[in-house]
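Colleague: Sharing protein-v8.cif below, mmCIF, C-alpha atoms:
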data_run
#
loop_
_atom_site.label_atom_id
_atom_site.label_comp_id
_atom_site.auth_asym_id
_atom_site.auth_seq_id
_atom_site.Cartn_x
_atom_site.Cartn_y
_atom_site.Cartn_z
CA MET A 648 0.00 0.00 0.00
CA LYS A 649 1.48 3.33 -0.99
CA THR A 650 0.25 6.90 -0.97
CA SER A 651 0.88 9.99 -3.08
CA CYS A 652 -0.34 13.55 -2.77
CA GLY A 653 0.07 16.97 -4.34
CA LEU A 654 -2.58 19.28 -5.70
CA PHE A 655 -4.63 16.13 -5.92
CA HIS A 656 -6.26 14.08 -3.23
CA LEU A 657 -4.40 11.31 -1.49
CA LEU A 658 -4.22 8.27 -3.77
CA ILE A 659 -3.96 4.82 -2.22
CA ILE A 660 -3.65 1.71 -4.37
CA PHE A 661 -4.02 -1.77 -2.91
CA PRO A 662 -3.65 -4.49 -5.54
CA GLY A 663 -4.61 -8.13 -4.99
CA SER A 664 -7.28 -7.36 -2.40
CA ILE A 665 -9.71 -10.00 -3.73
CA SER A 666 -8.12 -13.44 -3.36
CA THR A 667 -10.79 -15.28 -5.38
CA ALA A 668 -10.41 -13.04 -8.43
CA ASP A 669 -7.74 -13.49 -11.08
CA GLY A 670 -6.71 -9.87 -10.58
CA SER A 671 -7.98 -7.08 -8.38
CA ALA A 672 -7.19 -3.69 -6.94
CA LEU A 673 -8.71 -1.33 -4.41
CA VAL A 674 -8.18 2.36 -5.06
CA LYS A 675 -8.88 5.23 -2.69
CA LEU A 676 -8.77 8.69 -4.24
CA GLY A 677 -9.50 11.08 -1.37
CA ASN A 678 -12.75 9.67 -0.01
CA THR A 679 -13.83 8.00 -3.25
CA THR A 680 -13.24 4.25 -2.95
CA VAL A 681 -13.43 1.94 -5.95
CA ILE A 682 -12.62 -1.75 -6.20
CA CYS A 683 -11.96 -3.60 -9.45
CA GLY A 684 -12.08 -7.38 -9.75
CA ILE A 685 -11.11 -9.23 -12.90
CA LYS A 686 -12.25 -12.77 -13.68
CA ALA A 687 -10.90 -14.64 -16.67
CA GLU A 688 -13.10 -17.17 -18.39
CA PHE A 689 -13.05 -19.13 -21.62
CA ALA A 690 -15.04 -18.12 -24.66
CA ALA A 691 -15.08 -18.75 -28.36
CA PRO A 692 -13.47 -15.81 -30.17
CA PRO A 693 -15.63 -13.48 -32.31
CA THR A 694 -16.14 -14.75 -35.84
CA ASP A 695 -14.96 -11.49 -37.42
CA ALA A 696 -11.76 -11.54 -35.34
CA PRO A 697 -10.88 -15.15 -34.57
CA ASP A 698 -7.48 -14.29 -33.10
CA LYS A 699 -8.78 -11.89 -30.46
CA GLY A 700 -10.18 -12.23 -26.96
CA TYR A 701 -12.60 -9.99 -25.10
CA VAL A 702 -12.30 -7.42 -22.33
CA VAL A 703 -15.72 -6.66 -20.85
CA PRO A 704 -15.79 -3.79 -18.34
CA ASN A 705 -18.74 -2.99 -16.11
CA VAL A 706 -19.01 -0.14 -13.64
CA ASP A 707 -21.48 -0.53 -10.81
CA LEU A 708 -22.60 2.36 -8.64
CA PRO A 709 -24.63 0.64 -5.92
CA PRO A 710 -26.87 2.49 -3.42
CA LEU A 711 -24.33 1.83 -0.67
CA CYS A 712 -21.81 4.27 -2.14
CA SER A 713 -24.13 7.27 -2.19
CA SER A 714 -27.73 8.14 -1.41
CA ARG A 715 -28.23 9.47 -4.94
CA PHE A 716 -28.29 5.93 -6.39
CA ARG A 717 -31.23 3.56 -6.14
CA SER A 718 -31.13 -0.22 -6.39
CA GLY A 719 -32.29 -1.77 -9.65
CA PRO A 720 -30.97 -1.62 -13.23
CA PRO A 721 -27.83 0.47 -13.78
CA GLY A 722 -28.59 4.17 -13.84
CA GLU A 723 -27.35 6.64 -16.41
CA GLU A 724 -24.18 7.54 -14.52
CA ALA A 725 -23.14 3.90 -14.22
CA GLN A 726 -23.81 3.28 -17.89
CA VAL A 727 -21.85 6.35 -18.94
CA ALA A 728 -18.95 5.30 -16.70
CA SER A 729 -19.03 1.76 -18.20
CA GLN A 730 -18.97 3.20 -21.69
CA PHE A 731 -16.11 5.51 -20.71
CA ILE A 732 -14.01 2.62 -19.37
CA ALA A 733 -14.80 0.53 -22.48
CA ASP A 734 -13.65 3.46 -24.64
CA VAL A 735 -10.42 3.86 -22.65
CA ILE A 736 -9.62 0.15 -23.04
CA GLU A 737 -10.39 0.28 -26.75
CA ASN A 738 -8.59 3.54 -27.54
CA SER A 739 -5.48 3.10 -25.44
CA GLN A 740 -4.91 -0.53 -26.52
CA ILE A 741 -3.92 -1.24 -22.92
CA ILE A 742 -3.95 -4.95 -23.76
CA GLN A 743 -3.43 -6.36 -27.20
CA LYS A 744 -6.59 -8.45 -27.66
CA GLU A 745 -4.48 -10.94 -29.64
CA ASP A 746 -2.64 -11.77 -26.38
CA LEU A 747 -5.91 -13.14 -25.02
CA CYS A 748 -6.28 -15.69 -27.78
CA ILE A 749 -5.41 -19.28 -26.83
CA SER A 750 -6.29 -21.07 -30.04
CA PRO A 751 -7.39 -18.98 -33.05
CA GLY A 752 -11.01 -19.55 -33.95
CA LYS A 753 -11.56 -21.99 -31.09
CA LEU A 754 -10.72 -20.62 -27.67
CA SER A 755 -9.80 -17.33 -26.11
CA TRP A 756 -9.87 -15.57 -22.76
CA VAL A 757 -12.59 -13.13 -21.84
CA LEU A 758 -11.68 -10.77 -19.00
CA TYR A 759 -14.70 -9.59 -17.06
CA CYS A 760 -13.65 -6.37 -15.31
CA ASP A 761 -16.14 -5.49 -12.60
CA ILE A 762 -15.57 -2.07 -11.09
CA ILE A 763 -17.66 -1.35 -8.02
CA CYS A 764 -17.75 1.93 -6.20
CA LEU A 765 -17.80 1.59 -2.43
CA ASP A 766 -17.76 5.28 -1.54
CA TYR A 767 -18.76 8.04 -3.94
CA ASP A 768 -17.14 11.40 -3.32
CA GLY A 769 -16.65 12.67 -6.86
CA ASN A 770 -14.10 11.93 -9.56
CA ILE A 771 -15.41 8.45 -10.22
CA LEU A 772 -13.89 8.22 -13.71
CA ASP A 773 -10.32 8.78 -12.50
CA ALA A 774 -10.72 6.26 -9.68
CA CYS A 775 -12.22 3.62 -12.01
CA THR A 776 -9.40 4.04 -14.51
CA PHE A 777 -6.73 3.68 -11.79
CA ALA A 778 -8.48 0.63 -10.36
CA LEU A 779 -8.74 -1.00 -13.77
CA LEU A 780 -5.08 -0.38 -14.56
CA ALA A 781 -3.86 -1.66 -11.18
CA ALA A 782 -6.12 -4.73 -11.41
CA LEU A 783 -4.96 -5.56 -14.93
CA LYS A 784 -1.35 -5.36 -13.79
CA ASN A 785 -2.29 -7.77 -11.01
CA VAL A 786 -3.97 -10.36 -13.26
CA GLN A 787 -2.26 -13.73 -13.52
CA LEU A 788 -3.52 -16.09 -16.20
CA PRO A 789 -2.74 -19.83 -16.03
CA GLU A 790 -1.14 -21.57 -18.96
CA VAL A 791 -3.66 -23.29 -21.26
CA THR A 792 -2.85 -25.98 -23.79
CA ILE A 793 -5.23 -27.64 -26.21
CA ASN A 794 -4.94 -31.41 -26.03
CA GLU A 795 -4.55 -32.65 -29.63
CA GLU A 796 -6.45 -35.91 -29.06
CA THR A 797 -9.45 -34.81 -27.05
CA ALA A 798 -9.54 -31.23 -28.40
CA LEU A 799 -10.18 -30.08 -24.84
CA ALA A 800 -8.40 -27.30 -23.04
CA GLU A 801 -6.04 -28.25 -20.23
CA VAL A 802 -5.36 -25.63 -17.61
CA ASN A 803 -2.10 -25.67 -15.69
CA LEU A 804 -2.82 -23.72 -12.51
CA ASN A 805 0.77 -24.03 -11.32
CA LYS A 806 2.12 -22.02 -14.21
CA LYS A 807 0.74 -18.49 -14.21
CA SER A 808 1.91 -15.43 -16.07
CA TYR A 809 1.12 -11.74 -15.88
CA LEU A 810 -0.63 -9.88 -18.69
CA ASN A 811 1.38 -7.81 -21.12
CA ILE A 812 0.23 -4.27 -20.31
CA ARG A 813 1.29 -2.13 -23.25
CA THR A 814 0.29 1.34 -22.18
CA HIS A 815 -0.68 2.97 -18.91
CA PRO A 816 -3.64 5.30 -19.42
CA VAL A 817 -4.13 7.71 -16.54
CA ALA A 818 -7.26 9.84 -16.22
CA THR A 819 -7.26 13.41 -14.87
CA SER A 820 -10.58 15.09 -14.21
CA PHE A 821 -11.36 18.76 -13.82
CA ALA A 822 -14.46 20.60 -12.63
CA VAL A 823 -15.23 23.75 -14.63
CA PHE A 824 -16.85 26.74 -12.99
CA ASP A 825 -18.29 29.31 -15.41
CA ASP A 826 -15.27 29.03 -17.75
CA THR A 827 -13.02 30.94 -15.35
CA LEU A 828 -12.08 28.43 -12.69
CA LEU A 829 -10.79 24.91 -13.14
CA ILE A 830 -10.49 22.62 -10.14
CA VAL A 831 -8.51 19.43 -10.54
CA ASP A 832 -9.66 16.14 -8.91
CA PRO A 833 -13.06 17.44 -7.72
CA THR A 834 -14.91 16.10 -4.70
CA GLY A 835 -18.60 15.19 -4.84
CA GLU A 836 -19.68 18.60 -3.59
CA GLU A 837 -17.46 20.43 -6.10
CA GLU A 838 -18.81 18.30 -8.95
CA HIS A 839 -22.37 19.02 -7.91
CA LEU A 840 -21.77 22.77 -7.94
CA ALA A 841 -19.65 22.81 -11.09
CA THR A 842 -21.03 24.04 -14.40
CA GLY A 843 -19.10 21.42 -16.34
CA THR A 844 -16.54 18.63 -16.12
CA LEU A 845 -13.61 17.56 -18.27
CA THR A 846 -11.70 14.27 -18.16
CA VAL A 847 -8.41 13.79 -20.00
CA VAL A 848 -6.94 10.30 -20.37
CA MET A 849 -3.29 10.27 -21.31
CA ASP A 850 -0.72 7.53 -21.78
CA GLU A 851 3.03 7.70 -21.12
CA GLU A 852 3.96 9.05 -24.56
CA GLY A 853 1.71 12.06 -24.07
CA LYS A 854 -0.87 10.62 -26.44
CA LEU A 855 -4.49 11.22 -25.56
CA CYS A 856 -6.83 8.25 -25.42
CA CYS A 857 -9.90 10.19 -24.47
CA LEU A 858 -11.01 13.79 -24.09
CA HIS A 859 -14.35 13.50 -22.35
CA LYS A 860 -16.23 16.71 -21.91
CA PRO A 861 -19.94 15.98 -21.64
CA GLY A 862 -21.32 19.45 -22.20
CA GLY A 863 -21.17 22.17 -19.58
CA SER A 864 -19.73 25.66 -19.86
CA GLY A 865 -17.23 26.39 -22.60
CA LEU A 866 -13.44 26.22 -22.48
CA THR A 867 -10.97 28.17 -24.59
CA GLY A 868 -8.07 26.50 -26.35
CA ALA A 869 -5.62 28.03 -23.87
CA LYS A 870 -7.44 26.58 -20.85
CA LEU A 871 -7.49 23.21 -22.59
CA GLN A 872 -3.72 23.42 -23.08
CA ASP A 873 -3.34 24.10 -19.36
CA CYS A 874 -5.35 20.97 -18.58
CA MET A 875 -3.14 18.92 -20.88
CA SER A 876 0.05 19.96 -19.10
CA ARG A 877 -1.48 19.12 -15.71
CA ALA A 878 -2.53 15.74 -17.09
CA VAL A 879 1.06 15.07 -18.15
CA THR A 880 2.45 15.74 -14.65
CA ARG A 881 -0.37 13.70 -13.11
CA HIS A 882 0.49 10.78 -15.36
CA LYS A 883 4.11 10.79 -14.21
CA GLU A 884 3.09 10.82 -10.53
CA VAL A 885 0.54 8.04 -10.84
CA LYS A 886 2.78 5.86 -13.00
CA LYS A 887 5.60 6.18 -10.47
CA LEU A 888 3.27 5.28 -7.62
CA MET A 889 1.80 2.34 -9.45
CA ASP A 890 5.21 0.96 -10.39
CA GLU A 891 6.34 1.15 -6.76
CA VAL A 892 3.22 -0.62 -5.54
CA ILE A 893 3.44 -3.37 -8.15
CA LYS A 894 7.13 -3.88 -7.44
CA SER A 895 6.49 -4.21 -3.71
CA MET A 896 3.74 -6.80 -4.34
CA LYS A 897 5.48 -8.94 -6.99
CA PRO A 898 7.62 -11.45 -5.00
CA LYS A 899 4.79 -13.29 -3.25
CA MET B 25 -31.33 -21.60 -38.25
CA GLU B 26 -33.20 -24.46 -36.59
CA GLU B 27 -31.81 -26.81 -39.23
CA ALA B 28 -28.30 -25.71 -38.51
CA MET B 29 -28.76 -26.31 -34.79
CA ARG B 30 -30.18 -29.77 -35.35
CA ALA B 31 -27.39 -30.50 -37.78
CA ASN B 32 -24.97 -29.31 -35.13
CA SER B 33 -26.29 -31.77 -32.54
CA LYS B 34 -26.16 -34.51 -35.15
CA MET B 35 -22.53 -33.64 -35.85
CA ARG B 36 -21.60 -33.80 -32.21
CA ALA B 37 -23.00 -37.35 -31.95
CA GLU B 38 -20.44 -38.49 -34.53
CA PRO B 39 -17.13 -38.14 -32.76
CA GLY B 40 -15.09 -38.92 -35.87
CA VAL B 41 -16.22 -35.88 -37.79
CA GLU B 42 -16.13 -33.51 -34.84
CA SER B 43 -12.52 -34.03 -33.91
CA SER B 44 -11.07 -33.42 -37.40
CA PRO B 45 -9.65 -29.92 -37.53
CA ARG B 46 -9.54 -29.84 -41.31
CA GLY B 47 -12.00 -31.72 -43.53
CA PRO B 48 -15.51 -31.63 -44.92
CA GLY B 49 -16.99 -31.73 -41.41
CA CYS B 50 -15.16 -28.49 -40.58
CA SER B 51 -17.53 -26.12 -42.41
CA LEU B 52 -20.54 -27.45 -40.50
CA ARG B 53 -18.63 -27.23 -37.26
CA HIS B 54 -17.87 -23.59 -37.90
CA PHE B 55 -21.62 -23.13 -38.34
CA ALA B 56 -22.11 -24.62 -34.92
CA CYS B 57 -19.66 -22.18 -33.45
CA GLU B 58 -21.59 -19.39 -35.09
CA GLN B 59 -24.79 -20.67 -33.56
CA ASN B 60 -23.33 -20.66 -30.11
CA LEU B 61 -21.93 -17.23 -30.55
CA LEU B 62 -25.15 -15.77 -31.91
CA SER B 63 -26.96 -16.05 -28.61
CA ARG B 64 -24.35 -14.05 -26.76
CA PRO B 65 -23.44 -11.28 -29.20
CA ASP B 66 -27.09 -10.59 -29.94
CA GLY B 67 -27.59 -9.79 -26.29
CA SER B 68 -24.36 -7.91 -25.93
CA ALA B 69 -24.84 -6.02 -29.22
CA SER B 70 -28.17 -4.64 -28.10
CA PHE B 71 -26.81 -3.88 -24.65
CA LEU B 72 -23.78 -2.09 -26.03
CA GLN B 73 -25.89 -0.13 -28.45
CA GLY B 74 -28.12 0.89 -25.58
CA VAL B 75 -25.17 2.09 -23.54
CA ALA B 76 -23.66 3.98 -26.51
CA GLU B 77 -27.00 5.70 -27.10
CA LYS B 78 -27.29 6.63 -23.43
CA SER B 79 -23.82 8.11 -23.64
CA ARG B 80 -24.73 10.11 -26.78
CA GLU B 81 -27.96 11.31 -25.18
CA ARG B 82 -26.07 12.53 -22.16
CA LEU B 83 -23.60 14.45 -24.33
CA ILE B 84 -26.37 16.17 -26.29
CA ARG B 85 -28.40 16.88 -23.18
CA ASN B 86 -25.49 18.41 -21.29
CA THR B 87 -24.59 20.60 -24.27
CA CYS B 88 -28.16 21.87 -24.52
CA GLU B 89 -28.30 22.45 -20.77
CA ALA B 90 -25.18 24.60 -20.94
CA VAL B 91 -26.67 27.03 -23.48
CA VAL B 92 -30.39 27.04 -22.69
CA LEU B 93 -31.40 29.74 -20.18
CA GLY B 94 -33.33 27.35 -17.99
CA ALA B 95 -33.78 29.91 -15.25
CA LEU B 96 -36.29 31.78 -17.43
CA HIS B 97 -38.57 28.76 -17.55
CA PRO B 98 -38.79 27.19 -14.11
CA ARG B 99 -40.79 24.01 -13.63
CA THR B 100 -40.59 23.38 -17.37
CA SER B 101 -39.45 20.24 -19.15
CA ILE B 102 -37.89 20.71 -22.55
CA THR B 103 -37.83 17.43 -24.47
CA VAL B 104 -35.61 17.16 -27.53
CA VAL B 105 -36.46 14.16 -29.70
CA LEU B 106 -33.90 13.19 -32.33
CA GLN B 107 -34.80 10.60 -34.94
CA VAL B 108 -32.00 9.27 -37.12
CA ILE B 109 -33.23 9.04 -40.70
CA SER B 110 -29.93 8.02 -42.25
CA ASP B 111 -26.43 7.72 -40.85
CA ALA B 112 -23.61 8.50 -43.29
CA GLY B 113 -20.96 9.34 -40.71
CA SER B 114 -20.54 12.26 -38.26
CA LEU B 115 -23.82 11.29 -36.59
CA LEU B 116 -23.26 13.01 -33.26
CA ALA B 117 -22.32 16.33 -34.90
CA CYS B 118 -25.44 16.14 -37.05
CA CYS B 119 -27.59 15.44 -33.97
CA LEU B 120 -26.12 18.48 -32.21
CA ASN B 121 -26.84 20.74 -35.18
CA ALA B 122 -30.39 19.41 -35.41
CA ALA B 123 -30.94 19.92 -31.69
CA CYS B 124 -29.73 23.53 -31.88
CA MET B 125 -31.94 24.37 -34.86
CA ALA B 126 -34.91 22.74 -33.15
CA LEU B 127 -34.37 24.78 -29.99
CA VAL B 128 -34.18 27.97 -32.07
CA ASP B 129 -37.34 26.97 -33.94
CA ALA B 130 -39.11 26.38 -30.64
CA GLY B 131 -38.13 29.84 -29.44
CA VAL B 132 -36.29 28.58 -26.37
CA PRO B 133 -34.08 31.37 -24.97
CA MET B 134 -30.40 30.48 -25.27
CA ARG B 135 -27.19 32.27 -24.35
CA ALA B 136 -25.51 31.12 -27.56
CA LEU B 137 -26.02 28.80 -30.50
CA PHE B 138 -23.94 25.68 -30.76
CA CYS B 139 -22.83 23.41 -33.56
CA GLY B 140 -21.19 20.00 -33.83
CA VAL B 141 -18.08 19.31 -35.91
CA THR B 142 -16.37 15.95 -36.42
CA CYS B 143 -12.67 15.54 -37.32
CA ALA B 144 -11.03 12.30 -38.34
CA LEU B 145 -7.29 11.66 -38.26
CA ASP B 146 -6.06 8.93 -40.56
CA SER B 147 -2.95 6.80 -40.04
CA GLU B 148 -0.67 9.41 -41.69
CA GLY B 149 -2.05 12.19 -39.51
CA THR B 150 -4.08 13.95 -42.23
CA LEU B 151 -7.08 15.81 -40.92
CA VAL B 152 -10.47 15.21 -42.51
CA LEU B 153 -13.42 17.32 -41.43
CA ASP B 154 -16.93 15.86 -41.44
CA PRO B 155 -15.82 12.32 -42.34
CA THR B 156 -18.06 9.76 -44.04
CA ALA B 157 -18.86 6.48 -42.29
CA LYS B 158 -16.09 4.74 -44.24
CA GLN B 159 -13.53 7.41 -43.34
CA GLU B 160 -14.55 7.21 -39.69
CA LYS B 161 -14.06 3.45 -39.62
CA GLU B 162 -10.63 3.62 -41.23
CA ALA B 163 -9.44 6.60 -39.19
CA ARG B 164 -6.90 6.33 -36.41
CA ALA B 165 -8.84 8.82 -34.31
CA VAL B 166 -12.25 10.49 -34.55
CA LEU B 167 -12.87 13.66 -32.54
CA THR B 168 -16.29 15.30 -32.19
CA PHE B 169 -16.60 18.80 -30.76
CA ALA B 170 -19.51 21.06 -29.91
CA LEU B 171 -18.58 24.75 -30.17
CA ASP B 172 -20.53 27.81 -29.14
CA SER B 173 -21.29 30.68 -31.48
CA VAL B 174 -20.04 33.57 -29.32
CA GLU B 175 -16.35 32.76 -28.92
CA GLN B 176 -16.09 29.26 -30.45
CA LYS B 177 -15.39 27.85 -27.00
CA LEU B 178 -15.38 24.11 -26.53
CA LEU B 179 -18.71 23.02 -25.04
CA MET B 180 -18.50 19.31 -25.53
CA SER B 181 -15.92 16.88 -26.77
CA THR B 182 -15.85 13.15 -27.23
CA THR B 183 -13.04 11.27 -28.89
CA LYS B 184 -12.21 7.81 -30.13
CA GLY B 185 -8.71 6.52 -30.80
CA LEU B 186 -5.21 7.67 -29.92
CA TYR B 187 -3.80 11.08 -30.87
CA SER B 188 -1.24 13.58 -29.62
CA ASP B 189 -1.76 16.92 -27.92
CA ALA B 190 -0.58 18.82 -31.02
CA GLU B 191 -3.07 16.95 -33.19
CA LEU B 192 -5.83 17.84 -30.74
CA GLN B 193 -5.01 21.55 -31.02
CA GLN B 194 -4.89 21.25 -34.81
CA CYS B 195 -8.31 19.56 -34.91
CA LEU B 196 -9.78 22.09 -32.51
CA ALA B 197 -8.55 24.99 -34.65
CA ALA B 198 -9.93 23.38 -37.80
CA ALA B 199 -13.24 22.71 -36.05
CA GLN B 200 -13.45 26.32 -34.88
CA ALA B 201 -12.91 27.54 -38.45
CA ALA B 202 -15.51 25.08 -39.76
CA SER B 203 -18.03 26.11 -37.11
CA GLN B 204 -18.09 29.60 -38.62
CA ARG B 205 -19.49 28.10 -41.80
CA VAL B 206 -22.13 26.20 -39.86
CA PHE B 207 -23.21 29.31 -37.98
CA ARG B 208 -23.37 31.24 -41.26
CA PHE B 209 -25.63 28.50 -42.59
CA TYR B 210 -27.86 28.78 -39.50
CA ARG B 211 -28.15 32.54 -40.03
CA GLU B 212 -28.93 32.22 -43.73
CA SER B 213 -31.56 29.54 -43.28
CA LEU B 214 -33.25 31.46 -40.47
CA GLN B 215 -33.19 34.65 -42.52
CA ARG B 216 -34.75 32.80 -45.42
CA ARG B 217 -37.42 31.33 -43.18
CA TYR B 218 -38.41 34.55 -41.47
CA SER B 219 -38.21 36.69 -44.63
CA LYS B 220 -41.03 34.62 -46.18
CA SER B 221 -43.45 35.29 -43.32
#
Output the file's structure in the form of structure tokens.
Modeller:
Amino acid sequence: MKTSCGLFHLLIIFPGSISTADGSALVKLGNTTVICGIKAEFAAPPTDAPDKGYVVPNVDLPPLCSSRFRSGPPGEEAQVASQFIADVIENSQIIQKEDLCISPGKLSWVLYCDIICLDYDGNILDACTFALLAALKNVQLPEVTINEETALAEVNLNKKSYLNIRTHPVATSFAVFDDTLLIVDPTGEEEHLATGTLTVVMDEEGKLCCLHKPGGSGLTGAKLQDCMSRAVTRHKEVKKLMDEVIKSMKPK
Amino acid sequence: MEEAMRANSKMRAEPGVESSPRGPGCSLRHFACEQNLLSRPDGSASFLQGVAEKSRERLIRNTCEAVVLGALHPRTSITVVLQVISDAGSLLACCLNAACMALVDAGVPMRALFCGVTCALDSEGTLVLDPTAKQEKEARAVLTFALDSVEQKLLMSTTKGLYSDAELQQCLAAAQAASQRVFRFYRESLQRRYSKS
């Protein structure tokens, strides 16, 4: 468990918190707490891409995290967050889907990434992205061989390997107030009062995977540039923290 | 489809044919795989489409909320219904333009007009404004912006794909220039409409 702080809230990452999952991570960003659990299962690959696997994210905002959510089918915020995470995975190419293929056209891995919010105090998108990244780095997949005679898959649970994580997308969110003030890493109260929000997802080469600004008051090009530079520094901090945490957890 | 499923079960009863990776039995086996897959993707396709539409709705709604002077109409619900007649690329930008024109037509007080512009970046980094569906599919990145009419500020943005910061600024500048044309079109069409009556 390691912490980092700056202009942003305290960030705590705790990988491997769910022992029954193939990979997991608990992330605390200020008061917002999000846990991500990843389960790997077998599936037949898609017919239009027989050498690829699947990554299926799902964000759940249950009533326990905040009184604004009711039990029942996922609300709009949860659906938008799920779509956002799916877009980040797709755009950043965090995992090469070809790595998830075991036997082309016959068998591949499907990674079900369940992200559940335990405490909602704003900035859910950043927390979900951190949790997903930390959990993916924590995933260990067993070796699978296809038996030639029986055409069945044989799983070797003693031989596990980590996923090849190609990029490290880090999300930085801002709350916009009447196009004059920008607050980074907003709390729930700040988000509620803000006139708009902006989320920038950047990878280590400074490439943008996602610029998510769902309406709200306008931003000039100069303000946008300012946000980009803050996102770059944020990425360096978070990457450093994550690397330290992963390194301290590796020799188990 | 029923035939294929029955044929599939028949195939599975004959172990000899099933186990051959290459052979005449293979084509039917592939059919069986398709059958199995159809039940899942059908469900997931409709679910994903639903989520993508929810996401688009939220983007359009938030953009409208930012410009409409809601305080002048308390306890009022403004419903914007968008029906897609044909989709030839740049759908979200088209929806935004339609929503803005509809709000003007309805006489809803707004602090500014807004327009949607889509940019596509292909693998070489060439910028294409208002891409067709084919160009969008082949592009490395597709960026959609909503800009306001007063200072061309960025109201909404949603992007797909990977691109650099410099490319973002380039697209934004191109979109701001293009938005002038859209606003000119708004003005002309409104002038034409009101000059008749």
Colleague: Determine, counting all atoms listed in the file, which protein, DNA and RNA residues have an atom within 9 Å of an atom of range 184-186 of chain B; residues of the same chain fewer than 3 positions away are not included. Present the result as number ranges by chain.
Modeller: A: 734-735, 737-740, 854-858; B: 163-168
Colleague: For Ile830 in chain A, which residue among A:Ser713, A:Asn770, A:Thr867, A:Asn678 is the nearest when counting all atoms listed in the file?
Modeller: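 Closest residue, counting all atoms listed in the file: A:Asn770.
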Colleague: Smallest atom-to-atom distance to chain A: which of B:Arg205, B:Lys158, B:His97, B:Arg135, using all atoms listed in the file?
Modeller: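 Closest residue, counting all atoms listed in the file: B:Arg135.
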Colleague: Separation of CA of Lys753 in chain A and CA of Glu795 in chain A, in Å?
Modeller: 12.8 Å
Colleague: Got a sec: who's within 10 Å of range 196-201 of chain B, counting all atoms listed in the file, leaving out chain neighbours fewer than 5 positions off, as a PDB file with C-alpha atoms, in the frame of the given file?
Modeller:
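Printed below is part28.pdb as written:
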ATOM      1  CA  GLY A 868      -8.070  26.500 -26.350  1.00  0.00           C
TER       2      GLY A 868
ATOM      3  CA  CYS B 139     -22.830  23.410 -33.560  1.00  0.00           C
ATOM      4  CA  GLY B 140     -21.190  20.000 -33.830  1.00  0.00           C
ATOM      5  CA  VAL B 141     -18.080  19.310 -35.910  1.00  0.00           C
ATOM      6  CA  THR B 142     -16.370  15.950 -36.420  1.00  0.00           C
ATOM      7  CA  CYS B 143     -12.670  15.540 -37.320  1.00  0.00           C
ATOM      8  CA  LEU B 151      -7.080  15.810 -40.920  1.00  0.00           C
ATOM      9  CA  VAL B 152     -10.470  15.210 -42.510  1.00  0.00           C
ATOM     10  CA  LEU B 153     -13.420  17.320 -41.430  1.00  0.00           C
ATOM     11  CA  ASP B 154     -16.930  15.860 -41.440  1.00  0.00           C
ATOM     12  CA  LEU B 167     -12.870  13.660 -32.540  1.00  0.00           C
ATOM     13  CA  THR B 168     -16.290  15.300 -32.190  1.00  0.00           C
ATOM     14  CA  PHE B 169     -16.600  18.800 -30.760  1.00  0.00           C
ATOM     15  CA  ALA B 170     -19.510  21.060 -29.910  1.00  0.00           C
ATOM     16  CA  LEU B 171     -18.580  24.750 -30.170  1.00  0.00           C
ATOM     17  CA  ASP B 172     -20.530  27.810 -29.140  1.00  0.00           C
ATOM     18  CA  SER B 173     -21.290  30.680 -31.480  1.00  0.00           C
ATOM     19  CA  GLU B 175     -16.350  32.760 -28.920  1.00  0.00           C
ATOM     20  CA  GLN B 176     -16.090  29.260 -30.450  1.00  0.00           C
ATOM     21  CA  LYS B 177     -15.390  27.850 -27.000  1.00  0.00           C
ATOM     22  CA  LEU B 178     -15.380  24.110 -26.530  1.00  0.00           C
ATOM     23  CA  SER B 181     -15.920  16.880 -26.770  1.00  0.00           C
ATOM     24  CA  ALA B 190      -0.580  18.820 -31.020  1.00  0.00           C
ATOM     25  CA  GLU B 191      -3.070  16.950 -33.190  1.00  0.00           C
ATOM     26  CA  VAL B 206     -22.130  26.200 -39.860  1.00  0.00           C
TER      27      VAL B 206
END
Colleague: Looking at A:Phe731, A:Tyr759, A:Phe689, A:Tyr767, which one is nearest to Cys712 in chain A, with distances taken over only C-alpha atoms?
Modeller: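 Answer, going by the shortest atom-to-atom distance: A:Tyr767.
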Colleague: Can I get the residues of chain B within 8 Å of chain A, each with the closest pair of atoms and their distance in Å to one decimal, using all atoms listed in the file, sorted chain first then ascending number, as a tab-separated table?
Modeller:
residue	atom	partner	partner_atom	distance
B:Ser43	CA	A:Ala798	CA	6.9
B:Cys57	CA	A:Ala691	CA	7.7
B:Glu58	CA	A:Thr694	CA	7.2
B:Leu61	CA	A:Ala691	CA	7.4
B:Val75	CA	A:Gln726	CA	5.9
B:Ala76	CA	A:Gln730	CA	6.8
B:Lys78	CA	A:Glu723	CA	7.0
B:Ser79	CA	A:Val727	CA	5.4
B:Arg82	CA	A:Pro861	CA	7.1
B:Leu83	CA	A:Pro861	CA	4.8
B:Ile84	CA	A:Gly862	CA	7.3
B:Arg85	CA	A:Gly862	CA	7.6
B:Asn86	CA	A:Gly862	CA	4.4
B:Thr87	CA	A:Gly862	CA	4.0
B:Cys88	CA	A:Gly862	CA	7.6
B:Glu89	CA	A:Gly863	CA	7.2
B:Ala90	CA	A:Gly863	CA	4.9
B:Val91	CA	A:Ser864	CA	7.9
B:Leu171	CA	A:Gly865	CA	7.9
B:Asp172	CA	A:Gly865	CA	7.5
B:Gln176	CA	A:Thr867	CA	7.9
B:Lys177	CA	A:Gly865	CA	5.0
B:Leu178	CA	A:Gly865	CA	4.9
B:Leu179	CA	A:Gly865	CA	4.4
B:Met180	CA	A:Gly862	CA	4.4
B:Ser181	CA	A:Lys860	CA	4.9
B:Thr182	CA	A:His859	CA	5.1
B:Thr183	CA	A:Cys857	CA	5.5
B:Lys184	CA	A:Asn738	CA	6.2
B:Gly185	CA	A:Asn738	CA	4.4
B:Leu186	CA	A:Cys856	CA	4.8
B:Tyr187	CA	A:Lys854	CA	5.3
B:Ser188	CA	A:Lys854	CA	4.4
B:Asp189	CA	A:Lys854	CA	6.5
B:Gln193	CA	A:Gly868	CA	7.5
B:Leu196	CA	A:Gly868	CA	7.8
